[in-house]
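Novice: My questions all concern the structure below.
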Protein chains: 2
Amino acid sequence: MLDDRSKQILQAVIQLYISSPGPVGSRAVTKKFPIGLSPATIRNIMSDLEDMGFLRQPHTSAGRVPTDSGYRYYVDALAADRPDPDTEFASELSRKLELIRTDVNSFLDSASRMLSELSHYIGISVSPNAGQTTLSRIELVPYRKNQIAVILITDEAVIRNRIISVDQEMSREDLNRLAGYINERFGGHTLDDIRKTILEEMADERVLCDDLITEAMSICRNVFPVSESDIFISGVSEALTLPDFCDIGRIRGLLRTIEDKHVILSLLEKISETDSPQVFIGSENPLDELKQFSLIAAPYREGSRPIGAIAIIGPTRMNYSQAITLVDITAKFITDIFSYSR
Amino acid sequence: MLDDRSKQILQAVIQLYISSPGPVGSRAVTKKFPIGLSPATIRNIMSDLEDMGFLRQPHTSAGRVPTDSGYRYYVDALAADRPDPDTEFASELSRKLELIRTDVNSFLDSASRMLSELSHYIGISVSPNAGQTTLSRIELVPYRKNQIAVILITDEAVIRNRIISVDQEMSREDLNRLAGYINERFGGHTLDDIRKTILEEMADERVLCDDLITEAMSICRNVFPVSESDIFISGVSEALTLPDFCDIGRIRGLLRTIEDKHVILSLLEKISETDSPQVFIGSENPLDELKQFSLIAAPYREGSRPIGAIAIIGPTRMNYSQAITLVDITAKFITDIFSYSR
DNA sequence: TATTAGCACTCGAACAAGGAGAGTGCTAAT
DNA sequence: ATTAGCACTCTCCTTGTTCGAGTGCTAATA
């Protein structure tokens with residue numbers, strides 16, 4: 001669809017624009033990429049590229065600027081021969097992340113920091129979705145009078161805890177019996193399954209004749225709705241150093257979206273179901289307030305099951321090559337951690 | 001030091017400036033606060049106030065703008081007759097926060113959201129400092145091969161958990177014995193104390209002849225350094241709607257400071273040792289990058305012992321009266337929650 | 001003596017005009 | 001098919017000008 005030379009020019013324009021913002025003119029192209037063509041020829045080609053919607057002129061007699069579809073073409077073409085994942089990234093990542101396996105959340109927090117540090121854009125990571133995690137065991141511990149601490153231990157080292165109130169005071173033995181019952185009943189199931197089962201059982205009143213079961217159900221009902229993932233965001237100040245982030249209005253929109261973690265969460269949950277890095281360029285973004293930016297996201301897995309996602313948000317004038325690689329490697333690395341750390 | 005009339009004028013200027021930015025002139029003062037003085041008189045007084053350092057002229061023949069010490073005087077004078085805490089705040093606060101007692105962190109997250117929503121500035125809250133918390137009980141639970149989950153239960157419902165690796169595989173009974181030993185030994189002590197004791201014991205080799213003790217110590221050493229508090233920040237996008245936040249450079253500085261949670265943490269830890277809301281106006285701020293903003297912070301307590309802090313960051317042109325009240329009430333409310341919820 | 005009215009003065013914001021420069025599109029030559 | 005040349009366009013920057021708000025000072029006033 002695009003002849004070889006046009007492709008080269010498009011790529012040149014985009015790379016020039018990425019390395020420094022501002023319309024790029026025909027002369028600049030010839031200077032940086034001496035392909036043996038004169039500015040005039042370049043101009044003709046650029047004009048064609050504009051007709052095809054890959055470039056855009058801010059105004060007559062300014063240089064050209066890539067459009068979203070220009071970037072899209074560039075990224076797709078790039079995908080064909082993406083450079084081998086830079087092993088420097090990989091080693092730095094693993095070195096930095098190695099230290100902090102103890103706590104999933106601080107691990108993912110560091111991951112988002114790394115993403116932003118290495119990309120100079122905004123780094124995001126989402127903690128594993130509890131719903132699809134399998135329950136390894138539940139622990140019930142007396143806490144205060146009429147309160148017990150419930151500790152969920154799952155396969156992913158994600159431990160959720162919650163204090164709940166109970167009607168009657170319960171001894172340690174009572175709690176152990178209860179926990180034993182719940183473990184036998186639900187151990188090995190996913191939290192989502194458990195939640196569903198509980199809802200069904202609660203509806204079925206016959207089961208509730210047994211005190212033990214009743215109590216267990218009541219506890220479970222209180223505890224298993226816990227499934228909000230945490231989300232970690234870093235590097236907003238870093239991103240603000242870019243000349244692209246000069247319009248307060250846009251920044252505000254972006255921040256509002258980011259601060260409303262639910263939005264980002266549900267966005268990235270969709271990502272989790274896909275494979276390999278997804279790239280949303282400008283207007284391709286599902287969220288209005290992100291339409292001025294680009295988002296690169298990838299899921300990470302435990303084994304083959306996707307359990308969470310990481311992402312980068314940056315200007316559409318983004319170093320896609322580097323950013324995609326970074327997201328890809330990081331996701332793979334986190335997958336490794338979750339899959340082989342047992 | 002300041003006669004009554006000058007005080008009135010200063011207050012008028014500040015209030016006008018707070019309600020809309022931009023230098024305020026003598027005529028504007030007479031218009032909004034008809035005290036029966038002509039603009040000319042006001043001008044003379046304002047000139048005096050400028051000599052005293054409470055006001056400042058951006059340039060000749062512009063109106064006056066309050067200086068940091070102007071605000072300071074205003075705030076101090078205000079403190080004398082602060083209006084009774086608005087009960088509307090109080091009730092809204094309690095209503096919103098009532099729901100979420102289950103989890104300390106999400107409780108404090110909501111608190112920071114509320115602070116920013118009600119003030120339209122940036123809201124911050126810090127989770128209880130674990131160091132001064134007393135250990136209620138430790139639980140050790142087998143997790144995977146050679147790994148155990150350690151759960152710290154403290155008096156504040158702050159539960160910290162961590163996965164640690166151990167040299168040898170341990171049965172449930174082993175762990176129970178171990179936990180029993182640790183509980184008996186350290187239950188009721190503050191985490192800081194425990195940490196100190198452990199360090200001392202580790203140095204003293206004689207104690208280490210007993211296997212049980214050795215193992216316990218090794219676990220404790222891994223677990224008790226957990227004392228980083230969490231910090232919750234909301235409303236950055238909200239604050240960006242203010243005309244004061246129009247300079248990208250300043251915003252970037254602010255965000256950098258905020259993103260580096262350690263800095264804020266140690267700042268607020270100092271606050272924890274003080275009483276009632278502290279107000280830092282502009283240059284009074286200890287952190288350079290906050291010197292363009294104002295910070296209002298107050299500790300919250302468990303009983304009489306301060307365990308954490310909340311804060312608001314806004315422009316120096318801040319509605320101090322409202323903001324101080326808000327911080328004050330919120331801190332008191334959180335104190336109530338922590339003190340009487342048992 | 002404290003206050004006020006009047007007036008000249010200052011300074012910034014907003015707007016207009018003009019020049020410089022970069023880049024284009026078109027046409028004719030190669 | 002490519003290129004050189006040229007006229008044209010548009011932004012950016014600078015400069016000049018006006019307008020208005022607000023001051024400081026001085027003289028008049030209660």
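Order determines the names: the first chain of the structure tokens is A, the second B, and so forth; residues in each chain are numbered 1 upward, and ligands are numbered 1 upward as they are shown.
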From a backbone DSSP assignment, name each residue in stretch 82-321 of chain B labelled helix (DSSP H, G or I), as an MDAnalysis selection string.

Specialist: chainID B and resid 87:98 104:119 130:132 172:186 191:203 205:209 211:223 236:240 248:259 261:272 282:284 288:290 320:321

Novice: For chain D against chain B, which residues fall within 10 Å using only C-alpha atoms (C1' of nucleotides), given as a PDB file with N, CA, C and O atoms (P, O5', C5', C4', C3', O3' and C1' of nucleotides), in the first residue's frame?

Specialist:
ATOM      1  P    DA D  21     -10.545  50.606  34.686  1.00  0.00           P
ATOM      2  O5'  DA D  21      -9.887  49.770  35.858  1.00  0.00           O
ATOM      3  C5'  DA D  21      -8.965  48.712  35.532  1.00  0.00           C
ATOM      4  C4'  DA D  21      -7.785  48.784  36.473  1.00  0.00           C
ATOM      5  C3'  DA D  21      -8.141  49.295  37.873  1.00  0.00           C
ATOM      6  O3'  DA D  21      -7.539  48.455  38.827  1.00  0.00           O
ATOM      7  C1'  DA D  21      -6.359  50.545  36.982  1.00  0.00           C
ATOM      8  P    DG D  22      -7.956  48.586  40.339  1.00  0.00           P
ATOM      9  O5'  DG D  22      -6.704  49.382  40.906  1.00  0.00           O
ATOM     10  C5'  DG D  22      -5.423  48.752  40.874  1.00  0.00           C
ATOM     11  C4'  DG D  22      -4.403  49.765  41.277  1.00  0.00           C
ATOM     12  C3'  DG D  22      -4.790  50.528  42.542  1.00  0.00           C
ATOM     13  O3'  DG D  22      -3.835  50.327  43.562  1.00  0.00           O
ATOM     14  C1'  DG D  22      -4.033  51.986  40.846  1.00  0.00           C
ATOM     15  P    DT D  23      -4.006  51.006  44.970  1.00  0.00           P
ATOM     16  O5'  DT D  23      -2.656  51.813  45.132  1.00  0.00           O
ATOM     17  C5'  DT D  23      -1.447  51.246  44.633  1.00  0.00           C
ATOM     18  C4'  DT D  23      -0.511  52.364  44.200  1.00  0.00           C
ATOM     19  C3'  DT D  23      -0.201  53.355  45.319  1.00  0.00           C
ATOM     20  O3'  DT D  23       1.152  53.213  45.722  1.00  0.00           O
ATOM     21  C1'  DT D  23      -0.743  54.475  43.257  1.00  0.00           C
ATOM     22  P    DG D  24       1.567  53.698  47.141  1.00  0.00           P
ATOM     23  O5'  DG D  24       2.136  55.164  46.871  1.00  0.00           O
ATOM     24  C5'  DG D  24       3.031  55.372  45.804  1.00  0.00           C
ATOM     25  C4'  DG D  24       3.367  56.851  45.702  1.00  0.00           C
ATOM     26  C3'  DG D  24       3.502  57.578  47.044  1.00  0.00           C
ATOM     27  O3'  DG D  24       4.633  58.447  46.990  1.00  0.00           O
ATOM     28  C1'  DG D  24       1.749  58.570  45.753  1.00  0.00           C
TER      29       DG D  24
END

Novice: Do a neighbour search on D:DA1 at 12 Å with only C-alpha atoms (C1' of nucleotides), toss out local chain neighbours closer than 4 positions, and write the hits as a list in words.

Specialist: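 Here the qualifying residues turn out to be Leu37, Thr41 and Asn44 of chain A; DT30 of chain C.
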
Novice: Could the residues in this selection be saved with C-alpha atoms (C1' of nucleotides) as a PDB file, in the first residue's frame?

Specialist:
ATOM      1  CA  LEU A  37      16.693  12.862  -2.619  1.00  0.00           C
ATOM      2  CA  THR A  41      10.982  15.325  -3.909  1.00  0.00           C
ATOM      3  CA  ASN A  44       5.959  15.711  -2.948  1.00  0.00           C
TER       4      ASN A  44
ATOM      5  C1'  DT C  30      16.876  18.411 -16.682  1.00  0.00           C
TER       6       DT C  30
END

Novice: At what distance in Å, to one decimal, does atom CA of B:Ile153 lie from atom CA of B:Gly188?

Specialist: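 Separation of atom CA of B:Gly188 and atom CA of B:Ile153: 10.9 Å.
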
Novice: For chain A against chain B, with a cut-off of 6 Å and counting only C-alpha atoms, what is the closest atom pair and its distance in Å to one decimal for every residue that makes the cut, ordered by chain and number, as CSV?

Specialist:
residue,atom,partner,partner_atom,distance
A:Thr102,CA,B:Ile163,CA,5.4
A:Arg162,CA,B:Thr102,CA,5.9
A:Ile163,CA,B:Thr102,CA,5.3
A:Ser237,CA,B:Arg252,CA,5.1
A:Arg252,CA,B:Ser237,CA,5.1
A:Leu255,CA,B:Ser237,CA,5.3
A:Arg256,CA,B:Ser237,CA,5.2

Novice: The selected residues should be written to file as a tab-separated table (two decimals), in the first residue's frame (atoms: all heavy atoms).

Specialist:
chain	number	residue	atom	x	y	z
A	102	THR	N	9.13	-10.05	48.78
A	102	THR	CA	8.39	-10.36	50.00
A	102	THR	C	6.95	-9.92	49.93
A	102	THR	O	6.07	-10.61	50.42
A	102	THR	CB	9.04	-9.69	51.21
A	102	THR	OG1	9.52	-8.42	50.78
A	102	THR	CG2	10.19	-10.52	51.71
A	162	ARG	N	-8.75	-8.66	56.72
A	162	ARG	CA	-9.90	-7.82	56.99
A	162	ARG	C	-10.39	-8.15	58.40
A	162	ARG	O	-10.36	-9.31	58.82
A	162	ARG	CB	-10.97	-8.14	55.95
A	162	ARG	CG	-12.31	-7.54	56.22
A	162	ARG	CD	-13.06	-7.34	54.93
A	162	ARG	NE	-12.56	-6.22	54.18
A	162	ARG	CZ	-13.25	-5.62	53.21
A	162	ARG	NH1	-14.44	-6.04	52.87
A	162	ARG	NH2	-12.74	-4.59	52.58
A	163	ILE	N	-10.80	-7.11	59.08
A	163	ILE	CA	-11.38	-7.32	60.39
A	163	ILE	C	-12.89	-7.35	60.23
A	163	ILE	O	-13.45	-6.48	59.56
A	163	ILE	CB	-11.04	-6.14	61.32
A	163	ILE	CG1	-9.54	-5.91	61.40
A	163	ILE	CG2	-11.66	-6.33	62.68
A	163	ILE	CD1	-8.85	-6.86	62.29
A	237	SER	N	5.42	13.39	37.74
A	237	SER	CA	6.29	14.57	37.71
A	237	SER	C	7.34	14.41	36.61
A	237	SER	O	7.70	15.37	35.94
A	237	SER	CB	6.97	14.77	39.06
A	237	SER	OG	7.80	13.68	39.38
A	252	ARG	N	-4.75	18.12	33.59
A	252	ARG	CA	-5.79	17.94	34.59
A	252	ARG	C	-6.69	16.76	34.22
A	252	ARG	O	-6.99	15.91	35.04
A	252	ARG	CB	-6.61	19.21	34.71
A	252	ARG	CG	-7.47	19.24	35.93
A	252	ARG	CD	-8.03	20.60	36.19
A	252	ARG	NE	-8.82	21.09	35.08
A	252	ARG	CZ	-8.68	22.29	34.54
A	252	ARG	NH1	-7.77	23.12	35.00
A	252	ARG	NH2	-9.44	22.67	33.54
A	255	LEU	N	-4.85	13.58	34.88
A	255	LEU	CA	-4.74	13.29	36.30
A	255	LEU	C	-6.08	12.84	36.87
A	255	LEU	O	-6.14	11.95	37.72
A	255	LEU	CB	-4.24	14.51	37.06
A	255	LEU	CG	-2.74	14.71	37.01
A	255	LEU	CD1	-2.32	15.92	37.81
A	255	LEU	CD2	-2.05	13.47	37.56
A	256	ARG	N	-7.14	13.48	36.40
A	256	ARG	CA	-8.44	13.09	36.92
A	256	ARG	C	-8.69	11.62	36.59
A	256	ARG	O	-9.11	10.84	37.45
A	256	ARG	CB	-9.54	13.97	36.33
A	256	ARG	CG	-10.82	13.82	37.10
A	256	ARG	CD	-11.94	14.73	36.67
A	256	ARG	NE	-11.72	15.46	35.44
A	256	ARG	CZ	-11.69	16.78	35.37
A	256	ARG	NH1	-11.82	17.50	36.45
A	256	ARG	NH2	-11.53	17.38	34.21

Novice: Could you give me, as CSV, a per-residue list for chain C showing, wherever an atom lies at most 9 Å from an atom of chain B, the closest pair of atoms and their distance in Å to one decimal, using only C-alpha atoms (C1' of nucleotides) and sorting by chain then residue number from low to high?

Specialist:
residue,atom,partner,partner_atom,distance
C:DT3,C1',B:Thr41,CA,6.9
C:DT4,C1',B:Ser38,CA,6.8
C:DA5,C1',B:Ala40,CA,8.7
C:DT10,C1',B:Ser61,CA,6.1
C:DC11,C1',B:Ser61,CA,6.4
C:DG12,C1',B:Ala62,CA,8.7

Novice: Residues as selected, N, CA and C atoms (P, O5', C5', C4', C3', O3' and C1' of nucleotides), written as a PDB file, in the first residue's frame, can you do that?

Specialist:
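Output file result06.pdb follows:
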ATOM      1  P    DT C   3      -7.794  58.989  60.414  1.00  0.00           P
ATOM      2  O5'  DT C   3      -8.463  59.757  59.185  1.00  0.00           O
ATOM      3  C5'  DT C   3      -9.750  60.312  59.376  1.00  0.00           C
ATOM      4  C4'  DT C   3     -10.113  61.134  58.173  1.00  0.00           C
ATOM      5  C3'  DT C   3     -10.221  60.346  56.862  1.00  0.00           C
ATOM      6  O3'  DT C   3     -11.557  60.427  56.408  1.00  0.00           O
ATOM      7  C1'  DT C   3      -9.075  62.400  56.559  1.00  0.00           C
ATOM      8  P    DT C   4     -12.000  59.555  55.203  1.00  0.00           P
ATOM      9  O5'  DT C   4     -11.883  60.585  54.004  1.00  0.00           O
ATOM     10  C5'  DT C   4     -12.657  61.777  54.057  1.00  0.00           C
ATOM     11  C4'  DT C   4     -12.221  62.714  52.969  1.00  0.00           C
ATOM     12  C3'  DT C   4     -12.296  62.139  51.545  1.00  0.00           C
ATOM     13  O3'  DT C   4     -13.052  63.024  50.750  1.00  0.00           O
ATOM     14  C1'  DT C   4     -10.246  63.228  51.893  1.00  0.00           C
ATOM     15  P    DA C   5     -13.874  62.390  49.568  1.00  0.00           P
ATOM     16  O5'  DA C   5     -13.436  63.384  48.412  1.00  0.00           O
ATOM     17  C5'  DA C   5     -13.432  64.775  48.659  1.00  0.00           C
ATOM     18  C4'  DA C   5     -12.477  65.459  47.707  1.00  0.00           C
ATOM     19  C3'  DA C   5     -12.533  64.940  46.274  1.00  0.00           C
ATOM     20  O3'  DA C   5     -12.695  66.041  45.391  1.00  0.00           O
ATOM     21  C1'  DA C   5     -10.297  64.976  47.060  1.00  0.00           C
ATOM     22  P    DT C  10       6.494  58.770  35.924  1.00  0.00           P
ATOM     23  O5'  DT C  10       6.133  57.272  36.284  1.00  0.00           O
ATOM     24  C5'  DT C  10       5.836  56.923  37.641  1.00  0.00           C
ATOM     25  C4'  DT C  10       5.354  55.499  37.687  1.00  0.00           C
ATOM     26  C3'  DT C  10       5.985  54.596  36.630  1.00  0.00           C
ATOM     27  O3'  DT C  10       6.381  53.396  37.253  1.00  0.00           O
ATOM     28  C1'  DT C  10       3.634  54.454  36.502  1.00  0.00           C
ATOM     29  P    DC C  11       7.468  52.487  36.611  1.00  0.00           P
ATOM     30  O5'  DC C  11       6.614  51.202  36.281  1.00  0.00           O
ATOM     31  C5'  DC C  11       5.763  50.656  37.308  1.00  0.00           C
ATOM     32  C4'  DC C  11       4.671  49.863  36.647  1.00  0.00           C
ATOM     33  C3'  DC C  11       5.170  48.976  35.507  1.00  0.00           C
ATOM     34  O3'  DC C  11       5.004  47.627  35.885  1.00  0.00           O
ATOM     35  C1'  DC C  11       3.148  50.105  34.950  1.00  0.00           C
ATOM     36  P    DG C  12       5.568  46.496  34.909  1.00  0.00           P
ATOM     37  O5'  DG C  12       4.198  45.865  34.422  1.00  0.00           O
ATOM     38  C5'  DG C  12       3.289  45.356  35.390  1.00  0.00           C
ATOM     39  C4'  DG C  12       1.965  45.050  34.734  1.00  0.00           C
ATOM     40  C3'  DG C  12       2.043  44.024  33.604  1.00  0.00           C
ATOM     41  O3'  DG C  12       0.903  43.191  33.687  1.00  0.00           O
ATOM     42  C1'  DG C  12       1.159  46.044  32.766  1.00  0.00           C
TER      43       DG C  12
END
